[in-house]
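Quick notes on the structure that follows.
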Amino acid sequence: MLAVVGRDAEAKARAAGQMILERVRRAGYRLADTLVECFGAGDVACGVVRPAAPPFEVVLRVTVRDPERAAVERFCRELAPLVTAGPPGIVGYAAGRPTPRPAFGYWPALVPREPAESGVRLDVRTAAEWVAAHGE
Amino acid sequence: MNEPSRSTRLGNLAHARSGDKGDRSNIGVVARDAAAYAWLEPRLTEAAVAEFLRPLGIGTVRRYVLPRIHAFNFVIEHALAGGASRSLRFDTQGKAMGTILLEMPLAADSSDPFAPDPDVTSP
């Protein structure tokens, strides 16, 4: 997540977002899914409601998903260079490089009661007992 | 008969880029050409820049001139709320400050070679 300031902040942010994705593409990765969002310019409301006047500053959020972790890691490396060597007025890499995390699909479903174990088992041991059982 | 006040903004005459050194902000301003540099030289002063950036709670502003490349370098003390590694601001490095400075209004006069900017209110 980066912030973009200046006249035409929205256009600059969208161009910067595409720039990041294009650099990943040129590095030889095809990302399965990408999204560029521009907060402050109406993208939380998904374009249904837009600001009356063009904003002087916006938050740029670029997200990607891909089965190949290396492709996502390549993307993560592109954010800081955009701040230090990209167009002026792009801000905010103090949080450091983001790390890829798993994108879980979830599957709402009903399962029969029998395979599901009910109850809680507690196994409370002292550190000494743990060492005796498993070693240092 | 009062003529409407003419004013422009720095961004019509120059480019800028900024960064940090500790708690200091460093803003490089490059005028578009020699005429723009000559016009800015007496107007883009330390005092004027300090006044424009006052909401940031800044300290001393120092200006260095680089006439052969039509540029100024501004070094601004206490501009980053503690500096890159300590500041709680989102823009810890002051990367936005150059772009912000481009919005600085500058009162023009009838002799200046620049068109007034209808978006800018007089300083």
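Going by the structure tokens order, chains are called A, B, ..., each with residues numbered from 1, while ligands are numbered from 1 in the order shown.
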Contacts of region 87-91 of chain B at 10 Å (only C-alpha atoms; same-chain gap of 3+ positions) as a VMD selection string: (chain A and resid 2 to 3 89 to 95) or (chain B and resid 23 80 to 84 94 to 97)
Spatial neighbours of region 9-24 of chain A, max dist 7 Å, only C-alpha atoms, sep filter under 4 positions, as a PyMOL selection string: chain A and resi 4-5+28-29+36+38+41+55-58+60+62+74-75+78
Convert the current residue selection to file output with C-alpha atoms, as a CSV table (one decimal), in the first residue's frame.
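After the write, out13.csv holds the following:
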```
chain,number,residue,atom,x,y,z
A,4,VAL,CA,0.4,9.1,-4.1
A,5,VAL,CA,0.2,12.9,-3.9
A,28,GLY,CA,9.1,-13.2,-17.0
A,29,TYR,CA,6.2,-13.8,-14.7
A,36,VAL,CA,-5.0,-2.0,-8.7
A,38,CYS,CA,-7.1,3.8,-5.7
A,41,ALA,CA,-10.8,8.2,-5.7
A,55,PRO,CA,-8.4,14.2,-4.9
A,56,PHE,CA,-4.9,15.7,-4.3
A,57,GLU,CA,-3.8,12.5,-2.6
A,58,VAL,CA,-4.9,8.9,-2.8
A,60,LEU,CA,-2.6,3.0,-4.0
A,62,VAL,CA,-1.9,-3.3,-5.6
A,74,ARG,CA,9.0,-10.8,-7.6
A,75,PHE,CA,6.0,-8.5,-7.3
A,78,GLU,CA,8.8,-3.9,-7.0
```
Picked from chain A by DSSP as alpha helix (DSSP H), as a ChimeraX atom specification: /A:9-26,69-76,79-85,127-134
